[in-house]
$ cat query04.cif   # mmCIF, C-alpha atoms
data_upload
loop_
_atom_site.label_atom_id
_atom_site.label_comp_id
_atom_site.auth_asym_id
_atom_site.auth_seq_id
_atom_site.Cartn_x
_atom_site.Cartn_y
_atom_site.Cartn_z
CA MET Y 1 0.00 0.00 0.00
CA LYS Y 2 2.80 2.38 0.99
CA ALA Y 3 4.57 1.57 -2.26
CA LYS Y 4 1.46 2.47 -4.28
CA VAL Y 5 1.07 5.78 -2.44
CA PHE Y 6 4.73 6.60 -3.00
CA LEU Y 7 4.39 5.75 -6.70
CA VAL Y 8 1.34 8.03 -7.06
CA ILE Y 9 3.22 10.92 -5.39
CA LEU Y 10 6.27 10.31 -7.57
CA LEU Y 11 4.18 10.32 -10.75
CA SER Y 12 2.42 13.52 -9.63
CA VAL Y 13 5.74 15.29 -9.04
CA TYR Y 14 7.07 14.06 -12.40
CA SER Y 15 3.94 15.24 -14.24
CA PHE Y 16 4.13 18.62 -12.52
CA SER Y 17 7.79 19.00 -13.54
CA ILE Y 18 6.93 18.21 -17.16
CA MET Y 19 4.08 20.73 -17.13
CA GLU Y 20 6.32 23.41 -15.64
CA GLY Y 21 9.01 22.70 -18.24
CA GLN Y 22 6.49 22.92 -21.06
CA LYS Y 23 5.13 26.17 -19.63
CA LYS Y 24 8.59 27.75 -19.59
CA ASN Y 25 9.28 26.66 -23.16
CA THR Y 26 5.95 27.96 -24.45
CA LYS Y 27 6.45 31.09 -26.50
CA ILE Y 28 4.39 34.25 -26.56
CA THR Y 29 4.23 36.89 -29.27
CA ILE Y 30 5.20 40.45 -28.40
CA THR Y 31 4.38 43.35 -30.69
CA GLY Y 32 5.07 47.03 -30.37
CA THR Y 33 6.25 50.27 -31.91
CA VAL Y 34 9.54 52.10 -31.35
CA VAL Y 35 9.75 55.90 -31.60
CA ASP Y 36 12.47 58.42 -30.85
CA ALA Y 37 12.28 61.39 -28.50
CA ARG Y 38 10.44 63.40 -31.19
CA GLN Y 39 7.86 60.64 -31.72
CA TYR Y 40 9.31 59.64 -35.10
CA PRO Y 41 9.39 55.90 -35.94
CA VAL Y 42 12.75 54.19 -35.43
CA ALA Y 43 13.37 51.87 -38.39
CA ASN Y 44 15.94 49.07 -38.83
CA ALA Y 45 16.53 48.75 -35.09
CA ILE Y 46 17.47 45.34 -33.71
CA VAL Y 47 15.24 43.70 -31.10
CA MET Y 48 17.14 42.05 -28.22
CA ILE Y 49 15.77 39.60 -25.66
CA ASP Y 50 17.57 39.24 -22.34
CA GLY Y 51 20.60 40.97 -23.80
CA GLN Y 52 20.87 38.72 -26.86
CA ASN Y 53 20.49 39.86 -30.48
CA THR Y 54 17.60 38.37 -32.46
CA SER Y 55 16.75 38.33 -36.17
CA SER Y 56 13.83 40.68 -35.58
CA ILE Y 57 14.15 44.33 -36.63
CA THR Y 58 11.73 47.24 -36.72
CA ASP Y 59 10.10 48.10 -40.05
CA SER Y 60 9.88 51.52 -41.70
CA GLU Y 61 7.08 52.50 -39.31
CA GLY Y 62 8.97 51.36 -36.22
CA HIS Y 63 6.79 48.26 -35.73
CA PHE Y 64 8.18 44.93 -34.54
CA LYS Y 65 6.85 41.45 -33.80
CA ILE Y 66 8.77 38.71 -32.04
CA LYS Y 67 8.14 35.38 -30.32
CA VAL Y 68 9.82 34.89 -26.94
CA LYS Y 69 9.78 32.32 -24.17
CA GLN Y 70 7.37 33.01 -21.34
CA ASN Y 71 10.24 33.28 -18.88
CA ALA Y 72 12.01 36.02 -20.89
CA ASN Y 73 12.74 39.02 -18.68
CA THR Y 74 13.78 42.01 -20.78
CA ILE Y 75 13.33 43.40 -24.27
CA GLY Y 76 15.87 45.81 -25.71
CA ILE Y 77 16.04 47.93 -28.85
CA VAL Y 78 19.39 48.80 -30.47
CA SER Y 79 19.46 51.64 -32.98
CA PHE Y 80 22.49 53.29 -34.59
CA THR Y 81 21.09 56.80 -34.32
CA ASN Y 82 19.45 56.44 -30.90
CA GLY Y 83 21.53 53.91 -29.01
CA MET Y 84 20.01 51.23 -26.81
CA VAL Y 85 16.95 51.18 -24.58
CA GLU Y 86 15.71 48.26 -22.49
CA GLU Y 87 12.50 47.48 -20.62
CA ALA Y 88 11.18 44.68 -18.46
CA ILE Y 89 8.65 42.46 -20.23
CA ASP Y 90 6.58 41.75 -17.11
CA GLY Y 91 4.19 39.46 -18.99
CA ARG Y 92 3.17 42.15 -21.49
CA LYS Y 93 2.33 41.21 -25.07
CA VAL Y 94 2.24 44.78 -26.39
CA ILE Y 95 5.28 46.90 -25.57
CA ASN Y 96 5.68 50.34 -27.11
CA ILE Y 97 9.13 51.83 -26.60
CA LYS Y 98 10.16 55.46 -26.72
CA TYR Y 99 13.72 56.77 -26.72
CA GLY Y 100 14.56 59.81 -24.66
CA GLY Y 101 17.53 62.14 -24.33
CA GLU Y 102 20.44 62.55 -26.69
CA SER Y 103 21.35 60.12 -29.40
CA ILE Y 104 24.56 58.12 -29.33
CA SER Y 105 25.80 59.97 -32.42
CA ARG Y 106 25.60 63.35 -30.73
CA GLN Y 107 27.41 62.03 -27.67
CA MET Y 108 30.38 61.27 -29.89
CA ASP Y 109 30.64 64.92 -30.93
CA GLN Y 110 30.91 66.26 -27.41
CA GLY Y 111 33.87 66.30 -25.09
CA VAL Y 112 33.98 63.38 -22.67
CA PRO Y 113 36.12 62.85 -19.57
CA GLN Y 114 39.50 61.20 -20.03
CA GLY Y 115 39.16 57.44 -20.09
CA GLU Y 116 35.56 57.66 -21.25
CA GLU Y 117 36.42 58.08 -24.94
CA GLY Y 118 35.13 55.41 -27.24
CA VAL Y 119 34.08 54.34 -30.70
CA ASN Y 120 30.83 53.76 -32.51
CA THR Y 121 30.39 50.08 -33.28
CA GLY Y 122 27.37 50.70 -35.47
CA TYR Y 123 24.87 49.59 -32.83
CA ASP Y 124 26.16 51.43 -29.79
CA PHE Y 125 28.92 53.56 -28.30
CA LYS Y 126 31.64 51.61 -26.52
CA LYS Y 127 34.27 53.12 -24.26
CA ASP Y 128 37.88 52.44 -25.20
CA LYS Y 129 38.58 50.94 -21.79
CA ASP Y 130 35.79 48.36 -22.32
CA ILE Y 131 37.12 47.12 -25.68
CA THR Y 132 39.54 44.20 -25.48
CA THR Y 133 40.55 44.09 -29.14
CA PRO Y 134 41.70 46.98 -31.33
CA VAL Y 135 39.24 49.23 -33.12
CA ASN Y 136 40.92 51.45 -35.68
CA GLN Y 137 39.25 54.67 -36.67
CA ILE Y 138 39.55 57.02 -39.61
CA ASP Y 139 38.45 60.62 -39.19
CA GLY Y 140 36.69 61.30 -42.47
CA THR Y 141 36.59 65.03 -41.82
CA ASP Y 142 40.33 65.33 -42.54
CA SER Y 143 40.69 67.34 -45.76
CA LYS Y 144 43.30 64.94 -47.17
CA TYR Y 145 40.61 62.35 -47.90
CA ARG Y 146 38.92 64.58 -50.44
CA THR Y 147 41.57 63.58 -52.97
CA TYR Y 148 40.89 59.86 -52.55
CA SER Y 149 38.96 58.15 -55.32
CA SER Y 150 36.84 55.88 -53.11
CA VAL Y 151 36.07 54.75 -49.58
CA TYR Y 152 37.97 51.54 -50.33
CA GLU Y 153 41.10 53.60 -51.02
CA MET Y 154 40.64 55.45 -47.73
CA ILE Y 155 40.48 52.18 -45.81
CA THR Y 156 43.33 50.31 -47.50
CA ARG Y 157 45.70 53.28 -47.42
CA GLU Y 158 45.02 54.17 -43.82
CA GLU Y 159 44.60 50.72 -42.24
CA SER Y 160 47.31 48.07 -42.32
CA GLY Y 161 46.27 44.44 -42.65
CA VAL Y 162 43.15 45.31 -44.64
CA ARG Y 163 42.66 44.52 -48.31
CA VAL Y 164 39.91 44.74 -50.89
CA ASN Y 165 38.62 41.73 -52.82
CA GLY Y 166 36.08 42.96 -55.37
CA SER Y 167 33.53 44.82 -53.26
CA SER Y 168 34.47 42.91 -50.10
CA ILE Y 169 36.93 43.93 -47.41
CA ILE Y 170 39.18 41.31 -45.86
CA ILE Y 171 40.73 41.97 -42.45
CA HIS Y 172 43.98 40.11 -41.84
CA GLY Y 173 43.45 36.90 -39.86
CA SER Y 174 39.74 36.57 -40.66
CA LYS Y 175 39.61 33.01 -42.00
CA ASP Y 176 37.68 29.79 -41.64
CA LEU Y 177 38.15 26.30 -43.13
CA PHE Y 178 37.12 27.59 -46.55
CA GLY Y 179 39.41 30.63 -46.68
CA ASP Y 180 39.00 34.37 -46.13
CA VAL Y 181 35.89 35.65 -44.39
CA PRO Y 182 34.79 39.12 -45.60
CA ALA Y 183 34.06 41.80 -43.03
CA LEU Y 184 30.49 42.91 -42.40
CA LEU Y 185 29.87 46.30 -44.04
CA ILE Y 186 27.70 48.85 -42.22
CA VAL Y 187 26.63 52.32 -43.36
CA ASP Y 188 24.74 54.52 -40.87
CA GLY Y 189 23.64 51.46 -38.92
CA VAL Y 190 22.40 49.46 -41.91
CA PRO Y 191 24.23 46.39 -43.32
CA VAL Y 192 25.15 46.85 -47.00
CA SER Y 193 26.69 44.66 -49.69
CA ASP Y 194 29.33 47.22 -50.72
CA PHE Y 195 30.58 50.77 -50.26
CA ASN Y 196 30.23 51.71 -53.92
CA GLY Y 197 28.70 55.12 -54.51
CA ILE Y 198 29.82 56.58 -51.15
CA ALA Y 199 31.99 59.62 -51.77
CA PRO Y 200 34.96 60.03 -49.39
CA SER Y 201 33.87 63.63 -48.82
CA SER Y 202 30.55 62.40 -47.36
CA VAL Y 203 32.21 60.23 -44.69
CA GLU Y 204 32.24 61.38 -41.08
CA SER Y 205 34.19 58.42 -39.70
CA ILE Y 206 35.16 54.82 -40.39
CA SER Y 207 35.66 52.18 -37.68
CA VAL Y 208 37.41 48.89 -38.41
CA LEU Y 209 36.36 46.30 -35.82
CA LYS Y 210 38.28 43.08 -35.30
CA GLY Y 211 37.78 40.03 -33.11
CA SER Y 212 35.56 40.46 -30.07
CA SER Y 213 34.93 44.13 -30.86
CA ALA Y 214 32.70 42.88 -33.71
CA ALA Y 215 30.93 40.30 -31.53
CA ILE Y 216 27.86 42.53 -31.22
CA TYR Y 217 26.99 41.49 -34.77
CA GLY Y 218 26.95 37.78 -33.84
CA THR Y 219 27.97 35.33 -36.56
CA ARG Y 220 27.71 38.08 -39.18
CA GLY Y 221 30.72 39.76 -37.59
CA TYR Y 222 32.94 36.66 -37.69
CA GLY Y 223 35.18 38.36 -40.26
CA GLY Y 224 35.13 41.67 -38.39
CA ALA Y 225 33.19 44.75 -39.41
CA VAL Y 226 33.80 48.03 -41.17
CA VAL Y 227 31.39 50.70 -39.95
CA ILE Y 228 30.91 53.95 -41.85
CA THR Y 229 29.14 56.95 -40.40
CA THR Y 230 28.27 59.52 -43.03
CA LYS Y 231 27.93 63.22 -42.30
CA LYS Y 232 24.25 62.91 -43.17
CA GLY Y 233 23.76 59.93 -40.85
CA ASN Y 234 25.44 61.72 -37.93
CA LYS Y 235 22.95 64.60 -37.95
#

$ encode --input "query04.cif" --output "C-alpha cells"
Amino acid sequence: MKAKVFLVILLSVYSFSIMEGQKKNTKITITGTVVDARQYPVANAIVMIDGQNTSSITDSEGHFKIKVKQNANTIGIVSFTNGMVEEAIDGRKVINIKYGGESISRQMDQGVPQGEEGVNTGYDFKKDKDITTPVNQIDGTDSKYRTYSSVYEMITREESGVRVNGSSIIIHGSKDLFGDVPALLIVDGVPVSDFNGIAPSSVESISVLKGSSAAIYGTRGYGGAVVITTKKGNK
C-alpha cells in the first residue's frame, strides 16, 4: 500500500515537472512600436531579448513582432542613431518603446572625460577601456581624404592588414576552413553589400572592428566589421 502511495506521489511530481518545463518553453508573441524622443518611428533597429540579439528588426514604421519564451525578462532595442533602450517584459504582449535624451551619435561629438572616450560600433557607443581588441578609426573630416577616389582607397591606405577583394573587405586573420571571411559592411547602422557610390567627402568616420569588438553582430561579424558613419547619418 505504501509503495502504491509513494508511486502516485512520484508520478504527480514528475507530471508537474513536465508541465512546468512545457510552460517555460511555451512562446508568446510580443508586438510594439519604437519611436524616438520626437515621436518619429525608429526603423531598422534590432530587437534584443535578455541581452541577446535576435533576427527581428523594426520596419519603416517602427513596428516589430517577435516570439519569446514566457520566462524572458527584458526586451531591448538597439538603434544606430538612438543607441540602446531596455524594458522589463513583465508578462506584457504589447510593448511600445520610446527613446529619450540625446542620441549616441551626438554624444560622440561632445567632449567626454579622459578614459571615457570610445568608438561607434554601429549599434552602440563603446568606451575604449571596455574594448579588449583593437578598433581602428579614420576621421573622415580630414581634408586629405577629399583627394581619394573611393572609400575603399581610404580604408586600405590608412589601415594596415586590410585589403579589398572585389567589393568585399578582408581583415587580416579573418579566415575559416574555406578561406578568407569578408568583413560585415555597415553604413549609418544598416548592413550593405558594398561601399560603392559613397563619396569620401561624405564620410564622417570609419571604424574597423576586429575580433571580439565585432561580436555585437553575432555570426555576421565573424570576419570583423567596417562601420561607416556619413555626415548625413550623424545629424

$ closest_residue --input "query04.cif" --among "Y:Val151, Y:Gly161, Y:Val35, Y:Lys144" --to "Y:Ser174" --atoms "all atoms listed in the file"
Y:Gly161

$ closest_residue --input "query04.cif" --among "Y:Asn96, Y:Gln70, Y:Asn44, Y:Ser55" --to "Y:Gly32" --atoms "only C-alpha atoms"
Y:Asn96

$ resolve_selection --input "query04.cif" --expression "the PyMOL selection byres ((chain Y and resi 140) around 6)" --output "list in words"
Ile138, Asp139, Thr141, Asp142, Val203, Glu204 and Ser205 of chain Y

$ atom_distance --input "query04.cif" --atom1 "atom CA of Y:Ala214" --atom2 "atom CA of Y:Met154"
20.4 Å

$ atom_distance --input "query04.cif" --atom1 "atom CA of Y:Met48" --atom2 "atom CA of Y:Gly76"
4.7 Å

$ resolve_selection --input "query04.cif" --expression "the PyMOL selection byres ((chain Y and resi 57) around 12)" --output "ChimeraX atom specification"
/Y:31-34,42-48,53-56,58-66,76-79,190

$ residues_around --input "query04.cif" --residues "Y:Tyr148" --least-positions-apart "5" --cutoff "10 Å" --atoms "all atoms listed in the file" --output "short mmCIF file (atom, residue, chain, number, x, y, z; two decimals) with C-alpha atoms, in the coordinates of the input"
data_model
loop_
_atom_site.label_atom_id
_atom_site.label_comp_id
_atom_site.auth_asym_id
_atom_site.auth_seq_id
_atom_site.Cartn_x
_atom_site.Cartn_y
_atom_site.Cartn_z
CA GLU Y 153 41.10 53.60 -51.02
CA MET Y 154 40.64 55.45 -47.73
CA ARG Y 157 45.70 53.28 -47.42
CA ALA Y 199 31.99 59.62 -51.77
CA PRO Y 200 34.96 60.03 -49.39
CA SER Y 201 33.87 63.63 -48.82
#

$ closest_residue --input "query04.cif" --among "Y:Glu87, Y:Ile155, Y:Asp36, Y:Arg163" --to "Y:Tyr99" --atoms "only C-alpha atoms"
Y:Asp36

$ resolve_selection --input "query04.cif" --expression "the PyMOL selection byres ((chain Y and resi 228) around 12)" --output "mmCIF file with C-alpha atoms, keeping the file's coordinate frame"
data_model
loop_
_atom_site.group_PDB
_atom_site.id
_atom_site.type_symbol
_atom_site.label_atom_id
_atom_site.label_comp_id
_atom_site.auth_asym_id
_atom_site.auth_seq_id
_atom_site.Cartn_x
_atom_site.Cartn_y
_atom_site.Cartn_z
ATOM 1 C CA PHE Y 80 22.490 53.290 -34.590
ATOM 2 C CA VAL Y 119 34.080 54.340 -30.700
ATOM 3 C CA ASN Y 120 30.830 53.760 -32.510
ATOM 4 C CA THR Y 121 30.390 50.080 -33.280
ATOM 5 C CA GLY Y 122 27.370 50.700 -35.470
ATOM 6 C CA TYR Y 123 24.870 49.590 -32.830
ATOM 7 C CA GLN Y 137 39.250 54.670 -36.670
ATOM 8 C CA ILE Y 138 39.550 57.020 -39.610
ATOM 9 C CA ASP Y 139 38.450 60.620 -39.190
ATOM 10 C CA GLY Y 140 36.690 61.300 -42.470
ATOM 11 C CA VAL Y 151 36.070 54.750 -49.580
ATOM 12 C CA TYR Y 152 37.970 51.540 -50.330
ATOM 13 C CA MET Y 154 40.640 55.450 -47.730
ATOM 14 C CA ILE Y 155 40.480 52.180 -45.810
ATOM 15 C CA LEU Y 184 30.490 42.910 -42.400
ATOM 16 C CA LEU Y 185 29.870 46.300 -44.040
ATOM 17 C CA ILE Y 186 27.700 48.850 -42.220
ATOM 18 C CA VAL Y 187 26.630 52.320 -43.360
ATOM 19 C CA ASP Y 188 24.740 54.520 -40.870
ATOM 20 C CA GLY Y 189 23.640 51.460 -38.920
ATOM 21 C CA VAL Y 190 22.400 49.460 -41.910
ATOM 22 C CA PRO Y 191 24.230 46.390 -43.320
ATOM 23 C CA VAL Y 192 25.150 46.850 -47.000
ATOM 24 C CA ASP Y 194 29.330 47.220 -50.720
ATOM 25 C CA PHE Y 195 30.580 50.770 -50.260
ATOM 26 C CA ILE Y 198 29.820 56.580 -51.150
ATOM 27 C CA ALA Y 199 31.990 59.620 -51.770
ATOM 28 C CA PRO Y 200 34.960 60.030 -49.390
ATOM 29 C CA SER Y 202 30.550 62.400 -47.360
ATOM 30 C CA VAL Y 203 32.210 60.230 -44.690
ATOM 31 C CA GLU Y 204 32.240 61.380 -41.080
ATOM 32 C CA SER Y 205 34.190 58.420 -39.700
ATOM 33 C CA ILE Y 206 35.160 54.820 -40.390
ATOM 34 C CA SER Y 207 35.660 52.180 -37.680
ATOM 35 C CA VAL Y 208 37.410 48.890 -38.410
ATOM 36 C CA LEU Y 209 36.360 46.300 -35.820
ATOM 37 C CA ALA Y 225 33.190 44.750 -39.410
ATOM 38 C CA VAL Y 226 33.800 48.030 -41.170
ATOM 39 C CA VAL Y 227 31.390 50.700 -39.950
ATOM 40 C CA THR Y 229 29.140 56.950 -40.400
ATOM 41 C CA THR Y 230 28.270 59.520 -43.030
ATOM 42 C CA LYS Y 231 27.930 63.220 -42.300
ATOM 43 C CA LYS Y 232 24.250 62.910 -43.170
ATOM 44 C CA GLY Y 233 23.760 59.930 -40.850
ATOM 45 C CA ASN Y 234 25.440 61.720 -37.930
#

$ residues_near_point --input "query04.cif" --point "(3.9, 37.9, -26.1)" --cutoff "8 Å" --atoms "only C-alpha atoms" --output "JSON list (two decimals) with C-alpha atoms, in the frame of the given file"
[["chain", "number", "residue", "atom", "x", "y", "z"],
["Y", 27, "LYS", "CA", 6.45, 31.09, -26.50],
["Y", 28, "ILE", "CA", 4.39, 34.25, -26.56],
["Y", 29, "THR", "CA", 4.23, 36.89, -29.27],
["Y", 30, "ILE", "CA", 5.20, 40.45, -28.40],
["Y", 31, "THR", "CA", 4.38, 43.35, -30.69],
["Y", 66, "ILE", "CA", 8.77, 38.71, -32.04],
["Y", 67, "LYS", "CA", 8.14, 35.38, -30.32],
["Y", 68, "VAL", "CA", 9.82, 34.89, -26.94],
["Y", 70, "GLN", "CA", 7.37, 33.01, -21.34],
["Y", 91, "GLY", "CA", 4.19, 39.46, -18.99],
["Y", 92, "ARG", "CA", 3.17, 42.15, -21.49],
["Y", 93, "LYS", "CA", 2.33, 41.21, -25.07],
["Y", 94, "VAL", "CA", 2.24, 44.78, -26.39]]

$ atom_distance --input "query04.cif" --atom1 "atom CA of Y:Glu159" --atom2 "atom CA of Y:Tyr217"
21.2 Å
